[in-house]
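Undergrad: Mind having a look at this structure? Questions to follow.
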Amino acid sequence: MERAPPVLVFALPAAICSAWTLYAGKDLNWDLLNYHYYLPYELLNGRLQQDFFAASAQSYLNPLGYVPFYAMLAAGWHSVLVSLVLALAHALSLSVLAVLAWRLFEHLPRADRSTMALLGAALGAASGVFWPMVGSSFLDPLLAPLVLGGVLLLVGDRHIALAGALLGAAAALKYSNAIYLLAALPLVTSLRRGLAFAGGAALALAMLAGPWLTALWREFGNPVFPLWNAWFRSPDALPVNLVSERFTPQALADALGFPLRMVALDRHLYSETFAPDLRLAALAAAALALPFASRAAAAGAPLGRMDARLLGFFGLALALWLMTSANARYGLALLLLAGLLLARLVERLLGGRAARIALATLLAVQASMTAVAAPARWFMAEPWSTRWLPYDAPARARNEPALYLSVEIQPMAVIAPFLHPASSFVNFRGQHSLPSDAMRLARLRERHGGRVRALGRRLELLDGRPAPAQVRFYDEALRRIELRVDPADCFTVAWRPERDDFVSRAANALSPTEPPAEPLSVVSCALVRAPRDPADAAREREISHVFERIEARCPRLFHGQTAVTEPFGRGWSRHYNGLDARLEAFGGRAFLHRYRTATVVDLGSMASWQQDAAVPTACAGS
């Protein structure tokens with residue numbers, strides 16, 4: 001079998017990804033500041049008992065896939081070098097895509113085959129989801145080559161055990177990739193091959209996920225803590241199975257219309273960023289036209305066994321993706337395959353020159369949409385500097401251990417490796433807030449005695465003290481555990497990038513990236529005891545009872561979720577991260593605030609819920 005040209009497969013993707021990451025600037029995505037750097041630190045330093053929800057629920061994801069990034073930074077590598085190494089690894093996705101394209105168009109003469117393979121691979125790469133992650137700490141583009149490599153082997157019916165190992169490794173290192181493992185099962189065509197595939201996948205899962213799952217089971221009684229805790233009942237998390245409905249279609253009509261809606265500039269549909277995409281709509285249209293074209297003797301070559309297997313995998317994986325998350329990053333492998341499959345179907349429908357013109361036009365439109373709408377980086381970026389994370393902690397932070405409590409949605413667990421190694425970190429209030437009587441929190445407070453401090457980006461020092469409004473925010477969040485901020489005892493862990501070295505200057509000459517407006521320094525203030533008003537605690541219990549009744553009587557709104565009751569301004573709230581919603585009590589009424597879509601559901605008066613009156617219209621039938 002003729003091999004694909006090495007330039008198309010390796011050199012071109014590597015060069016493009018390397019150039020892009022230099023242009024896009026040093027990535028500072030939200031998850032990096034939360035858990036990408038913290039997780040391997042937690043793993044390598046055995047901190048399961050020392051910290052508790054330091055990076056919220058993400059603290060307990062499998063950390064193994066982030067170890068290479070952490071190791072490069074911990075070894076002192078220049079940020080440019082680290083990003084280039086990552087970009088080369090991420091370019092392998094395009095390399096595997098190019099090999100798949102070469103195989104799909106093997107029926108064409110060599111010149112036409114090269115052109116169609118290049119167009120197919122380019123259309124696959126033309127996603128506004130892929131490029132903001134190239135050269136970054138995200139795990140998705142690092143694991144996409146494993147998924148695509150496994151699929152390449154399976155559709156070619158070769159090295160089945162290795163295919164299982166690749167897909168199993170992708171699922172072990174990031175659990176959302178399990179959809180690809182399941183979608184690949186129908187491609188295994190015999191019992192012997194099925195056993196080989198299952199054996200390879202099981203071995204990869206056991207080696208790459210087994211030790212971490214065992215550690216979580218031993219520590220918390222739940223191997224996927226805090227997920228599925230309604231089943232495992234770990235005492236260290238609420239007894240619920242966490243859900244994520246941020247992007248998941250809620251009805252069949254929504255799922256069927258999903259490809260058409262992806263064309264729009266909508267950050268709430270499937271991606272946290274703007275990433276309009278016309279390729280899935282075009283692919284759906286081509287697939288619907290295919291049966292009619294086949295009867296009319298379409299111009300291109302009929303679909304072969306490999307085409308059918310790849311389309312079958314894509315269709316099943318797409319359905320599983322829409323059912324489980326519809327999150328753009330989790331569907332990266334699908335978004336890369338979509339353009340390639342589109343090229344093959346258009347070639348079948350139109351053939352020859354007409355197909356090439358149509359695909360080139362589609363590519364130009366999609367690339368233009370991506371260039372105009374999609375950001376260069378996922379969250380924020382800054383100019384290149386010697387260190388990727390140039391935090392400079394004062395001597396007391398490095399020399400004095402303490403228990404650090406964060407109360408923001410962004411816990412900034414990235415700070416942990418820069419402070420005293422005996423310190424502990426807890427995200428008390430955030431995506432998943434903790435009960436005030438959490439046993440592990442109590443043990444950590446006892447371990448650290450009076451050395452308890454707040455930590456966050458919302459604290460900014462002016463003349464050595466935070467603003468009164470910032471102090472009030474923290475005091476409100478911490479009053480459940482009888483602590484308040486001491487504004488006279490604060491310090492800053494400063495963000496101090498160094499950009500005067502030759503490599504940084506050269507890279508920044510190629511990049512238009514400006515320093516971000518958001519603060520990256522983190523402030524810590526001492527916390528002191530503040531006895532709670534018994535009436536306030538009694539009111540919290542009363543509100544909690546009403547909230548529990550609302551959750552139970554409105555299952556279609558809350559989907560079995562529950563949360564911790566917290567002060568919220570002059571009222572109270574429960575935050576459901578998976579639903580992108582807050583249950584709020586203000587002015588004697590209850591509301592479900594879906595903040596991502598800016599909608600508010602009026603749930604009636606608190607008094608009516610206390611009296612067990614009829615449920616409001618919003619809950620009727622649920």
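Residues are referred to by chain and number: the chain letter is A, B, ... according to the order shown in the structure tokens, the number counts from 1 in that chain, and ligands are numbered separately from 1 in the order shown.
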Considering only C-alpha atoms, return as number ranges by chain whatever protein or nucleic-acid residues lie within 9 Å of Ala209 of chain A, sequence-local ones (same chain, fewer than 6 positions apart) excluded.

TA: A: 62, 64, 169, 171-173

Undergrad: Could you give me the residues within segment 514-568 of chain A that DSSP places in strand (DSSP E or B), as a ChimeraX atom specification?

TA: /A:522-529,566-568

Undergrad: Can you tell me, as a compact mmCIF listing (two decimals) with all heavy atoms, in the first residue's frame, what residues are no more than 9 Å from segment 603-607 of chain A when counting only C-alpha atoms, ignoring any on the same chain fewer than 3 positions away?

TA:
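Written out: out11.txt:
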```
# COMPACT_ATOMS: atom_id res chain seq x y z
N ILE A 543 -34.09 27.79 55.84
CA ILE A 543 -34.02 27.95 54.39
C ILE A 543 -33.64 26.62 53.72
O ILE A 543 -34.19 26.25 52.67
CB ILE A 543 -33.01 29.05 54.02
CG1 ILE A 543 -33.49 30.41 54.52
CG2 ILE A 543 -32.75 29.09 52.52
CD1 ILE A 543 -34.72 30.94 53.81
N VAL A 546 -36.58 24.37 53.26
CA VAL A 546 -37.42 24.79 52.15
C VAL A 546 -36.76 24.44 50.82
O VAL A 546 -37.43 23.93 49.90
CB VAL A 546 -37.71 26.30 52.23
CG1 VAL A 546 -38.49 26.77 51.00
CG2 VAL A 546 -38.47 26.63 53.51
N ILE A 550 -38.18 22.13 47.71
CA ILE A 550 -38.28 22.59 46.32
C ILE A 550 -37.57 21.59 45.39
O ILE A 550 -38.10 21.23 44.33
CB ILE A 550 -37.68 24.00 46.17
CG1 ILE A 550 -38.52 25.02 46.93
CG2 ILE A 550 -37.56 24.38 44.71
CD1 ILE A 550 -37.91 26.42 46.98
N ALA A 585 -33.20 32.66 47.29
CA ALA A 585 -34.31 33.12 48.13
C ALA A 585 -34.09 34.59 48.44
O ALA A 585 -33.14 34.95 49.15
CB ALA A 585 -34.40 32.31 49.41
N GLY A 587 -36.40 38.36 49.27
CA GLY A 587 -37.67 39.06 49.46
C GLY A 587 -38.84 38.14 49.68
O GLY A 587 -39.96 38.45 49.24
N GLY A 588 -38.61 37.02 50.33
CA GLY A 588 -39.71 36.11 50.63
C GLY A 588 -40.13 35.22 49.48
O GLY A 588 -41.13 34.50 49.59
N ARG A 589 -39.38 35.22 48.36
CA ARG A 589 -39.73 34.39 47.21
C ARG A 589 -38.52 33.54 46.81
O ARG A 589 -37.37 33.88 47.12
CB ARG A 589 -40.21 35.22 46.01
CG ARG A 589 -41.46 36.03 46.30
CD ARG A 589 -42.03 36.65 45.04
NE ARG A 589 -42.61 35.66 44.13
CZ ARG A 589 -43.82 35.14 44.26
NH1 ARG A 589 -44.60 35.48 45.29
NH2 ARG A 589 -44.28 34.27 43.38
N ALA A 590 -38.80 32.45 46.10
CA ALA A 590 -37.75 31.55 45.62
C ALA A 590 -37.66 31.65 44.11
O ALA A 590 -38.68 31.75 43.41
CB ALA A 590 -38.03 30.12 46.04
N PHE A 591 -36.43 31.61 43.60
CA PHE A 591 -36.19 31.71 42.17
C PHE A 591 -35.12 30.70 41.77
O PHE A 591 -34.18 30.44 42.54
CB PHE A 591 -35.71 33.10 41.77
CG PHE A 591 -36.61 34.23 42.21
CD1 PHE A 591 -36.41 34.85 43.43
CD2 PHE A 591 -37.65 34.65 41.39
CE1 PHE A 591 -37.23 35.89 43.85
CE2 PHE A 591 -38.47 35.69 41.81
CZ PHE A 591 -38.26 36.31 43.03
N LEU A 592 -35.26 30.14 40.58
CA LEU A 592 -34.17 29.37 39.97
C LEU A 592 -33.56 30.25 38.90
O LEU A 592 -34.21 30.56 37.89
CB LEU A 592 -34.67 28.05 39.38
CG LEU A 592 -33.56 27.17 38.79
CD1 LEU A 592 -32.62 26.69 39.89
CD2 LEU A 592 -34.13 25.99 38.02
N GLN A 610 -43.14 26.53 52.77
CA GLN A 610 -43.09 26.13 54.18
C GLN A 610 -44.40 25.48 54.62
O GLN A 610 -44.42 24.59 55.48
CB GLN A 610 -42.79 27.35 55.05
CG GLN A 610 -41.35 27.84 54.94
CD GLN A 610 -41.12 29.14 55.68
OE1 GLN A 610 -41.93 30.06 55.60
NE2 GLN A 610 -40.03 29.22 56.42
N GLN A 611 -45.50 25.90 54.00
CA GLN A 611 -46.81 25.36 54.34
C GLN A 611 -47.19 24.15 53.49
O GLN A 611 -48.29 23.62 53.61
CB GLN A 611 -47.88 26.45 54.17
CG GLN A 611 -47.67 27.65 55.09
CD GLN A 611 -48.50 28.85 54.69
OE1 GLN A 611 -49.35 28.76 53.80
NE2 GLN A 611 -48.24 29.98 55.32
N ASP A 612 -46.27 23.74 52.62
CA ASP A 612 -46.51 22.58 51.75
C ASP A 612 -47.73 22.79 50.87
O ASP A 612 -48.55 21.89 50.66
CB ASP A 612 -46.68 21.30 52.58
CG ASP A 612 -46.39 20.05 51.74
OD1 ASP A 612 -45.75 20.19 50.69
OD2 ASP A 612 -46.84 18.96 52.14
N ALA A 613 -47.86 24.02 50.37
CA ALA A 613 -48.98 24.33 49.48
C ALA A 613 -48.72 23.72 48.11
O ALA A 613 -47.69 23.13 47.85
CB ALA A 613 -49.14 25.85 49.37
N VAL A 615 -47.65 23.13 44.38
CA VAL A 615 -46.44 23.60 43.72
C VAL A 615 -46.80 24.62 42.65
O VAL A 615 -47.89 24.59 42.08
CB VAL A 615 -45.66 22.42 43.09
CG1 VAL A 615 -45.22 21.44 44.14
CG2 VAL A 615 -46.51 21.73 42.03
N PRO A 616 -45.89 25.56 42.37
CA PRO A 616 -46.18 26.58 41.35
C PRO A 616 -46.20 25.98 39.95
O PRO A 616 -45.79 24.84 39.73
CB PRO A 616 -45.03 27.58 41.52
CG PRO A 616 -43.92 26.78 42.13
CD PRO A 616 -44.59 25.78 43.00
N THR A 617 -46.65 26.79 39.01
CA THR A 617 -46.77 26.34 37.62
C THR A 617 -45.45 25.84 37.07
O THR A 617 -45.41 24.88 36.30
CB THR A 617 -47.30 27.49 36.75
OG1 THR A 617 -48.54 27.97 37.29
CG2 THR A 617 -47.53 27.03 35.32
N ALA A 618 -44.35 26.49 37.46
CA ALA A 618 -43.03 26.11 36.94
C ALA A 618 -42.67 24.67 37.26
O ALA A 618 -41.89 24.04 36.55
CB ALA A 618 -41.97 27.04 37.51
N CYS A 619 -43.24 24.12 38.36
CA CYS A 619 -42.95 22.75 38.75
C CYS A 619 -44.07 21.79 38.39
O CYS A 619 -43.94 20.59 38.63
CB CYS A 619 -42.69 22.67 40.26
SG CYS A 619 -41.19 23.50 40.79
```

Undergrad: Could you tell me how far atom CA of Leu185 of chain A sits from atom CA of Trp231 of chain A, in Å to one decimal place?

TA: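 Straight-line distance from atom CA of Trp231 of chain A to atom CA of Leu185 of chain A works out to 26.8 Å.
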
Undergrad: Quick one: residues within 7 Å of Ala198 of chain A, only C-alpha atoms, excluding same-chain residues fewer than 4 positions away - as a list in words?

TA: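 In the requested format, the answer is Gly164, Gly194 and Ala202 of chain A.
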
Undergrad: Those selected residues, please, written with N, CA, C and O atoms and delivered as a PDB file, in the first residue's frame.

TA:
```
ATOM      1  N   GLY A 164      -7.311  -1.048  20.699  1.00  0.00           N
ATOM      2  CA  GLY A 164      -7.976  -1.036  21.997  1.00  0.00           C
ATOM      3  C   GLY A 164      -7.149  -0.331  23.042  1.00  0.00           C
ATOM      4  O   GLY A 164      -7.680   0.418  23.879  1.00  0.00           O
ATOM      5  N   GLY A 194     -12.573  -9.152  18.993  1.00  0.00           N
ATOM      6  CA  GLY A 194     -13.202  -8.499  20.129  1.00  0.00           C
ATOM      7  C   GLY A 194     -12.429  -8.722  21.415  1.00  0.00           C
ATOM      8  O   GLY A 194     -12.260  -7.810  22.227  1.00  0.00           O
ATOM      9  N   ALA A 202      -8.524  -2.931  28.257  1.00  0.00           N
ATOM     10  CA  ALA A 202      -8.503  -3.208  29.699  1.00  0.00           C
ATOM     11  C   ALA A 202      -7.107  -3.004  30.278  1.00  0.00           C
ATOM     12  O   ALA A 202      -6.958  -2.476  31.391  1.00  0.00           O
TER      13      ALA A 202
END
```

Undergrad: Separation of atom CA of Arg529 of chain A and atom CA of His420 of chain A, in Å?

TA: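 Between atom CA of Arg529 of chain A and atom CA of His420 of chain A the gap works out to 23.0 Å.
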
Undergrad: So which residues of segment 370-519 of chain A fall under alpha helix (DSSP H) by DSSP, listed as a ChimeraX atom specification?

TA: /A:370-373,395-399,439-448,468-478,502-509

Undergrad: Can you tell me which residues surround Gly430 of chain A at a distance of at most 10 Å, considering only C-alpha atoms, apart from same-chain residues fewer than 2 positions away, and format the answer as a ChimeraX atom specification?

TA: /A:53,55-57,406-411,427-428,432-434,477,575,577

Undergrad: Could the residues in this selection be saved with N, CA and C atoms as an mmCIF file, in the first residue's frame?

TA:
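Listed below is the output, result.cif:
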```cif
data_model
loop_
_atom_site.group_PDB
_atom_site.id
_atom_site.type_symbol
_atom_site.label_atom_id
_atom_site.label_comp_id
_atom_site.auth_asym_id
_atom_site.auth_seq_id
_atom_site.Cartn_x
_atom_site.Cartn_y
_atom_site.Cartn_z
ATOM 1 N N PHE A 53 -10.676 19.255 48.107
ATOM 2 C CA PHE A 53 -11.341 20.045 47.067
ATOM 3 C C PHE A 53 -10.538 21.310 46.759
ATOM 4 N N ALA A 55 -9.006 22.207 44.133
ATOM 5 C CA ALA A 55 -9.398 22.700 42.812
ATOM 6 C C ALA A 55 -10.844 22.312 42.520
ATOM 7 N N SER A 56 -11.683 22.382 43.556
ATOM 8 C CA SER A 56 -13.076 21.965 43.485
ATOM 9 C C SER A 56 -13.144 20.489 43.077
ATOM 10 N N ALA A 57 -14.219 20.083 42.391
ATOM 11 C CA ALA A 57 -14.391 18.664 42.057
ATOM 12 C C ALA A 57 -13.314 18.166 41.112
ATOM 13 N N SER A 406 -10.149 29.085 49.878
ATOM 14 C CA SER A 406 -10.613 29.930 48.779
ATOM 15 C C SER A 406 -12.134 29.871 48.741
ATOM 16 N N VAL A 407 -12.757 30.971 48.345
ATOM 17 C CA VAL A 407 -14.219 31.047 48.322
ATOM 18 C C VAL A 407 -14.712 31.590 46.985
ATOM 19 N N GLU A 408 -13.907 31.430 45.953
ATOM 20 C CA GLU A 408 -14.272 31.915 44.634
ATOM 21 C C GLU A 408 -14.515 30.735 43.702
ATOM 22 N N ILE A 409 -15.254 30.966 42.618
ATOM 23 C CA ILE A 409 -15.490 29.926 41.620
ATOM 24 C C ILE A 409 -14.169 29.451 41.023
ATOM 25 N N GLN A 410 -13.216 30.366 40.882
ATOM 26 C CA GLN A 410 -11.871 30.022 40.408
ATOM 27 C C GLN A 410 -10.969 29.877 41.632
ATOM 28 N N PRO A 411 -10.658 28.646 42.073
ATOM 29 C CA PRO A 411 -9.920 28.471 43.326
ATOM 30 C C PRO A 411 -8.439 28.860 43.266
ATOM 31 N N ASN A 427 -11.060 24.566 48.706
ATOM 32 C CA ASN A 427 -12.010 25.477 48.071
ATOM 33 C C ASN A 427 -13.336 25.320 48.808
ATOM 34 N N PHE A 428 -13.543 26.156 49.809
ATOM 35 C CA PHE A 428 -14.698 26.014 50.685
ATOM 36 C C PHE A 428 -15.995 26.388 49.969
ATOM 37 N N HIS A 432 -18.473 23.753 43.743
ATOM 38 C CA HIS A 432 -19.132 22.789 44.628
ATOM 39 C C HIS A 432 -18.759 23.159 46.060
ATOM 40 N N SER A 433 -19.603 23.901 46.702
ATOM 41 C CA SER A 433 -19.294 24.379 48.048
ATOM 42 C C SER A 433 -19.417 23.249 49.069
ATOM 43 N N LEU A 434 -18.672 23.398 50.164
ATOM 44 C CA LEU A 434 -18.604 22.359 51.185
ATOM 45 C C LEU A 434 -19.544 22.671 52.347
ATOM 46 N N ALA A 477 -18.966 34.782 52.893
ATOM 47 C CA ALA A 477 -18.768 33.392 52.490
ATOM 48 C C ALA A 477 -18.274 32.520 53.628
ATOM 49 N N HIS A 575 -25.962 26.601 44.785
ATOM 50 C CA HIS A 575 -25.372 26.678 43.454
ATOM 51 C C HIS A 575 -25.243 25.278 42.876
ATOM 52 N N ASN A 577 -23.583 23.627 39.859
ATOM 53 C CA ASN A 577 -22.639 23.892 38.782
ATOM 54 C C ASN A 577 -23.010 23.138 37.509
#
```

Undergrad: Leaving out Phe138 of chain A and any residue of its chain fewer than 3 positions from it, which residues lie within 9 Å of it when counting only C-alpha atoms, given as a count of residues only?

TA: 10

Undergrad: Skip Arg305 of chain A itself and residues of its chain fewer than 3 positions away, then list as a VMD selection string all residues within 12 Å of it, counting only C-alpha atoms.

TA: chain A and resid 103 to 104 154 to 157 187 302 308 to 312

Undergrad: Save out the residues we just selected, all heavy atoms, as an mmCIF file, in the first residue's frame.

TA:
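The file below, again-v2.cif, is the result:
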```cif
data_model
loop_
_atom_site.group_PDB
_atom_site.id
_atom_site.type_symbol
_atom_site.label_atom_id
_atom_site.label_comp_id
_atom_site.auth_asym_id
_atom_site.auth_seq_id
_atom_site.Cartn_x
_atom_site.Cartn_y
_atom_site.Cartn_z
ATOM 1 N N ARG A 103 -5.880 7.340 3.041
ATOM 2 C CA ARG A 103 -6.506 6.029 2.896
ATOM 3 C C ARG A 103 -7.899 6.158 2.267
ATOM 4 O O ARG A 103 -8.295 5.333 1.444
ATOM 5 C CB ARG A 103 -6.633 5.358 4.267
ATOM 6 C CG ARG A 103 -5.317 5.016 4.945
ATOM 7 C CD ARG A 103 -4.687 3.777 4.349
ATOM 8 N NE ARG A 103 -5.578 2.638 4.418
ATOM 9 C CZ ARG A 103 -5.750 1.876 5.495
ATOM 10 N NH1 ARG A 103 -5.081 2.153 6.619
ATOM 11 N NH2 ARG A 103 -6.567 0.849 5.462
ATOM 12 N N LEU A 104 -8.651 7.175 2.655
ATOM 13 C CA LEU A 104 -10.015 7.322 2.145
ATOM 14 C C LEU A 104 -10.050 7.613 0.645
ATOM 15 O O LEU A 104 -11.014 7.261 -0.035
ATOM 16 C CB LEU A 104 -10.742 8.448 2.891
ATOM 17 C CG LEU A 104 -11.205 8.167 4.324
ATOM 18 C CD1 LEU A 104 -11.958 9.358 4.876
ATOM 19 C CD2 LEU A 104 -12.061 6.922 4.401
ATOM 20 N N LEU A 154 -8.648 0.495 13.527
ATOM 21 C CA LEU A 154 -9.878 -0.297 13.500
ATOM 22 C C LEU A 154 -10.538 -0.289 12.122
ATOM 23 O O LEU A 154 -10.984 -1.337 11.635
ATOM 24 C CB LEU A 154 -10.863 0.226 14.541
ATOM 25 C CG LEU A 154 -10.575 -0.162 15.996
ATOM 26 C CD1 LEU A 154 -11.547 0.542 16.922
ATOM 27 C CD2 LEU A 154 -10.667 -1.668 16.182
ATOM 28 N N VAL A 155 -10.630 0.884 11.497
ATOM 29 C CA VAL A 155 -11.296 0.925 10.193
ATOM 30 C C VAL A 155 -10.468 0.209 9.136
ATOM 31 O O VAL A 155 -11.003 -0.267 8.139
ATOM 32 C CB VAL A 155 -11.594 2.378 9.757
ATOM 33 C CG1 VAL A 155 -12.567 3.036 10.720
ATOM 34 C CG2 VAL A 155 -10.334 3.199 9.616
ATOM 35 N N GLY A 156 -9.167 0.117 9.370
ATOM 36 C CA GLY A 156 -8.316 -0.653 8.488
ATOM 37 C C GLY A 156 -8.219 -2.113 8.875
ATOM 38 O O GLY A 156 -7.556 -2.903 8.195
ATOM 39 N N ASP A 157 -8.884 -2.495 9.992
ATOM 40 C CA ASP A 157 -8.928 -3.874 10.483
ATOM 41 C C ASP A 157 -7.521 -4.418 10.740
ATOM 42 O O ASP A 157 -7.193 -5.556 10.396
ATOM 43 C CB ASP A 157 -9.653 -4.768 9.471
ATOM 44 C CG ASP A 157 -10.586 -5.742 10.162
ATOM 45 O OD1 ASP A 157 -10.777 -5.613 11.387
ATOM 46 O OD2 ASP A 157 -11.114 -6.638 9.491
ATOM 47 N N LEU A 187 -17.057 -1.823 15.418
ATOM 48 C CA LEU A 187 -16.043 -2.014 14.380
ATOM 49 C C LEU A 187 -15.267 -3.314 14.562
ATOM 50 O O LEU A 187 -14.516 -3.718 13.675
ATOM 51 C CB LEU A 187 -15.062 -0.834 14.374
ATOM 52 C CG LEU A 187 -15.671 0.552 14.128
ATOM 53 C CD1 LEU A 187 -14.586 1.613 14.131
ATOM 54 C CD2 LEU A 187 -16.445 0.577 12.820
ATOM 55 N N PRO A 302 -17.980 4.928 -5.451
ATOM 56 C CA PRO A 302 -18.887 4.486 -4.385
ATOM 57 C C PRO A 302 -18.150 4.338 -3.056
ATOM 58 O O PRO A 302 -16.929 4.118 -3.028
ATOM 59 C CB PRO A 302 -19.401 3.137 -4.898
ATOM 60 C CG PRO A 302 -19.136 3.144 -6.359
ATOM 61 C CD PRO A 302 -17.916 3.983 -6.574
ATOM 62 N N ALA A 308 -17.613 3.216 5.097
ATOM 63 C CA ALA A 308 -18.796 2.876 5.883
ATOM 64 C C ALA A 308 -18.455 2.687 7.355
ATOM 65 O O ALA A 308 -19.206 3.110 8.245
ATOM 66 C CB ALA A 308 -19.429 1.605 5.324
ATOM 67 N N ARG A 309 -17.328 2.047 7.641
ATOM 68 C CA ARG A 309 -16.934 1.827 9.036
ATOM 69 C C ARG A 309 -16.629 3.153 9.733
ATOM 70 O O ARG A 309 -17.004 3.358 10.895
ATOM 71 C CB ARG A 309 -15.722 0.893 9.087
ATOM 72 C CG ARG A 309 -16.072 -0.549 8.740
ATOM 73 C CD ARG A 309 -14.828 -1.375 8.438
ATOM 74 N NE ARG A 309 -13.969 -1.540 9.602
ATOM 75 C CZ ARG A 309 -14.134 -2.448 10.552
ATOM 76 N NH1 ARG A 309 -15.165 -3.272 10.495
ATOM 77 N NH2 ARG A 309 -13.289 -2.553 11.555
ATOM 78 N N LEU A 310 -15.956 4.046 9.019
ATOM 79 C CA LEU A 310 -15.625 5.336 9.614
ATOM 80 C C LEU A 310 -16.887 6.167 9.844
ATOM 81 O O LEU A 310 -17.039 6.820 10.891
ATOM 82 C CB LEU A 310 -14.643 6.085 8.721
ATOM 83 C CG LEU A 310 -14.008 7.353 9.299
ATOM 84 C CD1 LEU A 310 -13.305 7.055 10.612
ATOM 85 C CD2 LEU A 310 -13.032 7.972 8.311
ATOM 86 N N LEU A 311 -17.812 6.140 8.889
ATOM 87 C CA LEU A 311 -19.068 6.855 9.059
ATOM 88 C C LEU A 311 -19.887 6.266 10.209
ATOM 89 O O LEU A 311 -20.520 6.998 10.974
ATOM 90 C CB LEU A 311 -19.877 6.806 7.763
ATOM 91 C CG LEU A 311 -19.418 7.762 6.651
ATOM 92 C CD1 LEU A 311 -20.060 7.386 5.320
ATOM 93 C CD2 LEU A 311 -19.750 9.209 7.011
ATOM 94 N N GLY A 312 -19.872 4.936 10.333
ATOM 95 C CA GLY A 312 -20.587 4.300 11.437
ATOM 96 C C GLY A 312 -20.024 4.698 12.782
ATOM 97 O O GLY A 312 -20.783 5.004 13.722
#
```

Undergrad: From the set A:Thr273, A:Ala371, A:Leu316, A:Met207, which residue has the shortest atom-to-atom contact distance to Leu182 of chain A, counting only C-alpha atoms?

TA: A:Leu316

Undergrad: Nearest to Glu347 of chain A: which of A:Pro5, A:Pro63, A:Gly578, A:Gly120 is it, counting only C-alpha atoms?

TA: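 The answer is A:Gly120, which sits nearest to Glu347 of chain A.
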
Undergrad: Which residue, A:Ala75, A:Leu39, A:Val471, A:Leu557, has the smallest gap to Asp580 of chain A when you use only C-alpha atoms?

TA: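 Closest candidate: A:Leu557.
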
Undergrad: Mind giving me the straight-line distance from atom CA of Gly200 of chain A to atom CA of Val151 of chain A in Å, one decimal?

TA: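 Taking atom CA of Gly200 of chain A and atom CA of Val151 of chain A, their separation equals 13.8 Å.
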